[in-house]
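Visitor: First the structure, which I've put down as C-alpha cells, then a few questions once you've had a look.
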Protein chains: 2
Amino acid sequence: MTVRHDVHSSGIPAYCLSCQARRRGLCSALDPDRLAKLAKTSSRHSVEPGVELIGDAEALNSYSNVLSGVVKLTKSLSDGRQQIVGLQFAPDFLGQPFKAKSAIHAEAATTVSLCSFPKAAIEQMMKQSPELEHRLLRQTLNELDEAREWMVTLGCKTAPEKVASFLLMIARNIGSSVGPAARSACFDLPLTRADISDFLGITNETVSRQLTRLRMDGVIRIENNRRVTVDSMSRLEQRCGGRRPGRNRPIYET
Amino acid sequence: MTVRHDVHSSGIPAYCLSCQARRRGLCSALDPDRLAKLAKTSSRHSVEPGVELIGDAEALNSYSNVLSGVVKLTKSLSDGRQQIVGLQFAPDFLGQPFKAKSAIHAEAATTVSLCSFPKAAIEQMMKQSPELEHRLLRQTLNELDEAREWMVTLGCKTAPEKVASFLLMIARNIGSSVGPAARSACFDLPLTRADISDFLGITNETVSRQLTRLRMDGVIRIENNRRVTVDSMSRLEQRCGGRRPGRNRPIYET
DNA sequence: CGTTTCCTTGAGTCGTCTCAAAGGCTGTGG
DNA sequence: CCACAGCCTTTGAGACGACTCAAGGAAACG
C-alpha cells in the first residue's frame, strides 16, 4: 500500500507532492496513477476576499480543494438576513457533489488559493474508485458534526460565550500556537466583525462590545483590528460556556 | 433493473416488501440477494417515548432504520443546556457510521418502531457494495443541508418566526394534508413544548406564548395540547420570516 | 382520586438590538 | 507627504424582545 511509487509514476506533478490535499485532503484517497490522471485536469487559482465561489442556485462547474485561506458558506433569507453556516479551511473540499435541495453560497473570506478540477473529472473518478467517495463521506460527516456543534452555540450560548467560542474555533484552525501544549495562540481574524456577527447570530455592535470586554479582561490582545493574540487558551475556554464554573474538565454525570 | 425478483429470490422476508426503507430508505440501495442476506440479521423493535437510542460517548452496537415515529438528536453542554440538532423521520437511517469527534445523543420523541441490524453486518456490506455507501452519502448530505437550513432559523429568526417555521417543518414531514394542493394540514406534535424550545433555542414559556398567539390569530387550532390543525399553510408560511411582507414568492435580485 | 408532569399566563428583569455619532485604518489623488 | 473619502469598528443611550420566576390550570398516570 505504502510502497514508494514516487520514482516510476512520474505523472504526478511536483506541486502535488507537497500539497496539503495530498496528505490530509481528498487526494489522499487516490492511488498514484489516479492522482496523476486527475492532476492533469487540475488548475490552481488565487482569489481575493469577497469573490463569490458558488452562487445561490447557480450551476457549479468545478470542484476545488482549498489550499490556503478561509471560505465562508452562507445562506440567506430573501429579506436580507444572512447566516454563515460553515467555514472551510485547507485542505477542505469545496463543492456540492449532488446538489442539495436548498441553495448555498460560498465566498472567499480572505485571499484563498484553490486547486480546481472540472466537475466531470471528479464525478467520473468517483464512480471508478469507491475510496474517493468514502473520503467524501468522511468529510461530509465531519461537516455535519461541525454544523451540529455550532447549532449548540447558536441555540444555547450567550453573546459573550458565542464570541469566545468563535475565537477558540479560529485559534484551533488557523492559530499558530505559541508556548508548550499550545497554551497561547496568535492569528489574523479571517472575518470582519460583520461576518462574525452573521456567524454567531448577533449584531456586529455586540461582537465588538464582547471583543472589547475580552481585551479589557486581558484574555486577548488585538492589533490593527485583525491580529489577535490569545495569551491563555484555558482562560478563553472558560468563557465558552458549558462548563461548571471552577471546573476545567467535563463532568460525566447521569 | 426493475425486473421482478419477488418470485425466485424468496429469501426476502415478506415485511421487507412493503417496508418504507426498501422503497425510499437505505435498503433501496441493495439488490435482492444482499437484502435477503441483511434481512436475516435484522430485528424489529418498538420503543416508547424518552428511551435513549444512542447515548453520549456510548458505544453503539447497532444501526437502525426508522420505520415510524420521530427520533430527536440532541447535544448538550455540561451545565445542562441542551440543543436538539436534528429530527429523524421514517425512513431515515439512524447510527453513526464512523464515530464523529463530538458525542451525540438520540432519543425516541414519540413511540418509535425500528428495524435494527448488527453494526458488523452493515459495515461488512458497505465494504462490498459501494451502492450502499453512496446511499449513505446522500442521506448525510441531506442531513447536512437540513442542519444548515436550521442554523438560519436559529441564528436569524425571531421567536414568532421560529415557532411558525417549526410547525411548517413538522407539517411537511408528518402532516396529513387536507384539501387540494395541501392547503391545510393536520398532525400530532411529536415534541413537548420543552423539546420544541430546545430545538428553537428559546424557552418553553416563549413557545407556549407564540403557539397561543398563532391560535388567537386563527392560523392554527390545537386540541388536547398535541393535535394541531393548520387551516391555511400559506398563512403559516408568511409567518416564517424571510419574505418581504406582501410577497408570496422569493424575489431574486442582485 | 391524588400525584405528577406538562402547559399556560402574568409581572418584572436583563440582554441584545436599534439608532446614532465618533474614532481609526486604508487607499487615492493632489 | 498630506488631505480626503470610504469603510470598518467602537462606544453610547434608549427601546424592545425574550428570559426568569412564580402561580394556577389541564391532562396523564397509577
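Residues are named by chain letter and number: chains run A, B, ... in the order of the C-alpha cells, numbers start at 1 in each chain, and ligands are numbered from 1 in the order shown.
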What lies within 9 Å of segment 7-13 of chain C using only C-alpha atoms (C1' of nucleotides), ignoring chain neighbours under 3 positions off, as a list of chain:residue names?

Guide: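 Listing them by chain and then by number gives B:Arg193, B:Glu205, B:Ser208, B:Arg209, B:Thr212, B:Asn225, D:DC19, D:DT20, D:DA22, D:DA23, D:DG24, D:DG25, D:DA26.
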
Visitor: Please identify the strand (DSSP E or B) residues within segment 8-247 of chain B (assignment by DSSP from backbone atoms) and present them as number ranges by chain.

Guide: B: 43-47, 52-54, 62-68, 71-76, 82-88, 93-94, 105-108, 112-118, 176-178, 184-188, 220-223, 227-230

Visitor: Mind writing the picked residues with C-alpha atoms as a compact mmCIF listing (two decimals), in the first residue's frame?

Guide:
# COMPACT_ATOMS: atom_id res chain seq x y z
CA SER B 43 -34.90 -7.39 14.03
CA ARG B 44 -37.81 -5.07 14.64
CA HIS B 45 -38.46 -3.21 17.85
CA SER B 46 -40.83 -0.65 19.16
CA VAL B 47 -39.64 1.80 21.79
CA GLU B 52 -32.39 6.52 24.76
CA LEU B 53 -31.22 5.06 21.46
CA ILE B 54 -27.67 6.35 21.30
CA SER B 62 -26.39 -1.49 16.03
CA TYR B 63 -27.71 0.56 13.16
CA SER B 64 -31.39 1.03 12.50
CA ASN B 65 -33.93 2.23 10.03
CA VAL B 66 -36.66 4.38 11.49
CA LEU B 67 -39.94 2.83 10.37
CA SER B 68 -42.33 5.12 12.19
CA VAL B 71 -36.30 10.42 16.90
CA LYS B 72 -34.66 13.53 18.30
CA LEU B 73 -30.90 14.05 18.12
CA THR B 74 -29.53 16.24 20.87
CA LYS B 75 -26.28 17.68 22.07
CA SER B 76 -25.77 19.27 25.43
CA GLN B 82 -29.40 21.35 25.57
CA GLN B 83 -29.95 21.72 21.86
CA ILE B 84 -31.88 19.45 19.53
CA VAL B 85 -29.71 19.25 16.43
CA GLY B 86 -31.95 17.16 14.26
CA LEU B 87 -35.11 15.11 13.98
CA GLN B 88 -35.35 11.83 12.16
CA PHE B 93 -31.20 5.77 8.88
CA LEU B 94 -30.05 6.00 12.46
CA HIS B 105 -27.45 11.65 21.85
CA ALA B 106 -30.52 10.08 20.23
CA GLU B 107 -33.84 9.61 21.96
CA ALA B 108 -37.30 8.50 20.92
CA VAL B 112 -40.77 4.69 17.50
CA SER B 113 -40.51 1.47 15.57
CA LEU B 114 -37.12 0.45 14.31
CA CYS B 115 -35.57 -2.16 12.09
CA SER B 116 -32.11 -2.84 13.54
CA PHE B 117 -29.03 -4.52 12.20
CA PRO B 118 -25.82 -5.54 13.92
CA SER B 176 -51.65 14.59 6.65
CA SER B 177 -52.54 17.19 4.10
CA VAL B 178 -56.15 18.06 3.64
CA SER B 184 -54.18 22.72 5.06
CA ALA B 185 -52.62 20.08 7.27
CA CYS B 186 -53.19 18.18 10.46
CA PHE B 187 -50.78 16.34 12.76
CA ASP B 188 -49.86 15.39 16.30
CA ILE B 220 -53.74 27.10 13.75
CA ARG B 221 -56.06 25.18 16.02
CA ILE B 222 -54.88 22.99 18.89
CA GLU B 223 -56.77 20.16 20.56
CA ARG B 227 -53.19 17.77 17.85
CA VAL B 228 -52.56 20.71 15.56
CA THR B 229 -54.59 21.75 12.55
CA VAL B 230 -53.21 24.28 10.10

Visitor: Enumerate, in order of chain and increasing residue number, the residues of chain D with an atom no farther than 9 Å from chain B, each with its shortest atom pair and distance in Å to one decimal, counting only C-alpha atoms (C1' of nucleotides), as CSV.

Guide:
residue,atom,partner,partner_atom,distance
D:DG17,C1',B:Thr158,CA,8.8
D:DA18,C1',B:Thr206,CA,7.4
D:DC19,C1',B:Thr203,CA,7.5
D:DA27,C1',B:Asn224,CA,7.8

Visitor: Among segment 25-124 of chain A, which ones does DSSP assign to helix (DSSP H, G or I) (computed from the backbone)? Answer as a list of chain:residue names.

Guide: A:Leu26, A:Cys27, A:Ser28, A:Ala29, A:Pro32, A:Asp33, A:Arg34, A:Leu35, A:Ala36, A:Lys37, A:Leu38, A:Ala39, A:Lys40, A:Lys119, A:Ala120, A:Ala121, A:Ile122, A:Glu123, A:Gln124

Visitor: So how many Å separate atom CA of Ala39 of chain A and atom CA of Leu136 of chain A, to one decimal?

Guide: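 Atom-to-atom, atom CA of Ala39 of chain A and atom CA of Leu136 of chain A are spaced 17.8 Å apart.
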
Visitor: Closest to chain C among A:Glu143, A:Val207, A:Ala182, A:Gly95, using only C-alpha atoms (C1' of nucleotides)?

Guide: A:Val207

Visitor: Identify every residue of chain C that has at least one atom within 8 Å of any atom of chain A, counting only C-alpha atoms (C1' of nucleotides), and report the result as a ChimeraX atom specification.

Guide: /C:16-17,25

Visitor: Taking N, CA, C and O atoms (P, O5', C5', C4', C3', O3' and C1' of nucleotides) for each residue, export the selection above as a PDB file, in the first residue's frame.

Guide:
ATOM      1  P    DT C  16     -26.644  38.565  25.661  1.00  0.00           P
ATOM      2  O5'  DT C  16     -27.189  39.311  24.367  1.00  0.00           O
ATOM      3  C5'  DT C  16     -28.404  38.856  23.785  1.00  0.00           C
ATOM      4  C4'  DT C  16     -29.013  39.945  22.931  1.00  0.00           C
ATOM      5  C3'  DT C  16     -28.064  40.544  21.881  1.00  0.00           C
ATOM      6  O3'  DT C  16     -28.590  40.215  20.608  1.00  0.00           O
ATOM      7  C1'  DT C  16     -29.352  42.224  22.996  1.00  0.00           C
ATOM      8  P    DC C  17     -28.053  40.903  19.280  1.00  0.00           P
ATOM      9  O5'  DC C  17     -29.101  42.085  19.041  1.00  0.00           O
ATOM     10  C5'  DC C  17     -30.475  41.757  18.946  1.00  0.00           C
ATOM     11  C4'  DC C  17     -31.295  42.984  18.618  1.00  0.00           C
ATOM     12  C3'  DC C  17     -30.826  43.762  17.389  1.00  0.00           C
ATOM     13  O3'  DC C  17     -31.957  44.077  16.590  1.00  0.00           O
ATOM     14  C1'  DC C  17     -30.862  45.194  19.275  1.00  0.00           C
ATOM     15  P    DC C  25      -5.702  52.682  14.354  1.00  0.00           P
ATOM     16  O5'  DC C  25      -5.852  51.582  13.238  1.00  0.00           O
ATOM     17  C5'  DC C  25      -5.337  51.908  11.967  1.00  0.00           C
ATOM     18  C4'  DC C  25      -6.154  51.188  10.935  1.00  0.00           C
ATOM     19  C3'  DC C  25      -5.377  51.066   9.629  1.00  0.00           C
ATOM     20  O3'  DC C  25      -5.413  49.732   9.182  1.00  0.00           O
ATOM     21  C1'  DC C  25      -7.460  52.211   9.289  1.00  0.00           C
TER      22       DC C  25
END

Visitor: I'd like the contact shell of Glu161 of chain B - 9 Å cut-off, only C-alpha atoms (C1' of nucleotides), skipping same-chain residues fewer than 3 positions apart - returned as a PyMOL selection string.

Guide: chain B and resi 153+157-158+164-166+239-241

Visitor: Write to file, as a short mmCIF file (atom, residue, chain, number, x, y, z; two decimals), in the first residue's frame, the residues of the selection just made, with all heavy atoms.

Guide:
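Below is the file that was written, again14.cif:
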data_model
loop_
_atom_site.label_atom_id
_atom_site.label_comp_id
_atom_site.auth_asym_id
_atom_site.auth_seq_id
_atom_site.Cartn_x
_atom_site.Cartn_y
_atom_site.Cartn_z
N THR B 153 -32.52 29.43 10.79
CA THR B 153 -33.63 29.67 11.70
C THR B 153 -33.12 30.06 13.09
O THR B 153 -33.59 31.02 13.69
CB THR B 153 -34.52 28.42 11.79
OG1 THR B 153 -35.01 28.11 10.49
CG2 THR B 153 -35.68 28.65 12.73
N LYS B 157 -33.81 34.16 12.90
CA LYS B 157 -35.24 34.42 13.07
C LYS B 157 -35.65 34.81 14.48
O LYS B 157 -34.97 34.49 15.45
CB LYS B 157 -36.04 33.20 12.60
CG LYS B 157 -35.86 32.90 11.11
CD LYS B 157 -36.81 31.85 10.61
CE LYS B 157 -36.59 31.60 9.13
NZ LYS B 157 -37.50 30.55 8.61
N THR B 158 -36.78 35.50 14.56
CA THR B 158 -37.35 35.88 15.85
C THR B 158 -38.16 34.72 16.41
O THR B 158 -38.45 33.75 15.69
CB THR B 158 -38.29 37.08 15.68
OG1 THR B 158 -39.40 36.67 14.87
CG2 THR B 158 -37.58 38.25 15.00
N ALA B 164 -43.30 29.34 14.00
CA ALA B 164 -44.01 29.10 12.73
C ALA B 164 -43.19 28.18 11.84
O ALA B 164 -43.73 27.24 11.23
CB ALA B 164 -44.28 30.43 12.03
N SER B 165 -41.89 28.40 11.77
CA SER B 165 -41.02 27.56 10.94
C SER B 165 -41.03 26.12 11.42
O SER B 165 -41.05 25.18 10.62
CB SER B 165 -39.58 28.08 10.97
OG SER B 165 -39.52 29.42 10.54
N PHE B 166 -41.04 25.96 12.73
CA PHE B 166 -41.08 24.61 13.28
C PHE B 166 -42.36 23.89 12.89
O PHE B 166 -42.33 22.75 12.42
CB PHE B 166 -40.96 24.67 14.81
CG PHE B 166 -41.19 23.36 15.47
CD1 PHE B 166 -40.21 22.37 15.43
CD2 PHE B 166 -42.39 23.08 16.10
CE1 PHE B 166 -40.43 21.14 16.02
CE2 PHE B 166 -42.62 21.85 16.69
CZ PHE B 166 -41.64 20.88 16.66
N ARG B 239 -45.64 33.60 8.14
CA ARG B 239 -45.13 33.92 9.47
C ARG B 239 -43.74 33.35 9.74
O ARG B 239 -43.21 33.48 10.83
CB ARG B 239 -46.09 33.39 10.52
CG ARG B 239 -47.48 33.98 10.36
CD ARG B 239 -48.16 34.09 11.66
NE ARG B 239 -49.40 34.82 11.54
CZ ARG B 239 -49.92 35.51 12.54
NH1 ARG B 239 -49.31 35.56 13.70
NH2 ARG B 239 -51.05 36.16 12.37
N CYS B 240 -43.17 32.69 8.73
CA CYS B 240 -41.86 32.07 8.92
C CYS B 240 -40.71 33.02 8.69
O CYS B 240 -39.55 32.67 8.92
CB CYS B 240 -41.70 30.86 7.99
SG CYS B 240 -42.75 29.49 8.46
N GLY B 241 -41.01 34.21 8.24
CA GLY B 241 -39.95 35.19 8.04
C GLY B 241 -39.21 34.97 6.74
O GLY B 241 -39.35 33.94 6.09
#

Visitor: Can you tell me how far atom CA of Gly11 of chain A sits from atom CA of Thr41 of chain A, in Å to one decimal?

Guide: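 Distance reported for this atom pair: 12.2 Å.
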
Visitor: May I have the residues within 12 Å of DG6 of chain D as a PyMOL selection string, using only C-alpha atoms (C1' of nucleotides) and disregarding those fewer than 3 positions away in the same chain?

Guide: chain C and resi 25-28

Visitor: To one decimal place, how far is atom CA of Ala36 of chain B from atom CA of His134 of chain B in Å?

Guide: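 Result for atom CA of Ala36 of chain B versus atom CA of His134 of chain B: 19.6 Å, one decimal.
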
Visitor: Report as a list in words all protein, DNA and RNA residues lying within 7 Å of Pro49 of chain B, evaluated on only C-alpha atoms (C1' of nucleotides), omitting residues in the same chain fewer than 3 positions from it.

Guide: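 With the cut-off at 7 Å, the set is Ala108, Ala109, Thr110 and Thr111 of chain B.
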
Visitor: Can you work out which one of B:Gln20, B:Ser102, B:Ser28, B:Asn61 has the shortest atom-to-atom distance to chain A, counting only C-alpha atoms?

Guide: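 Comparing B:Gln20, B:Ser102, B:Ser28, B:Asn61 against chain A, the winner is B:Ser102.
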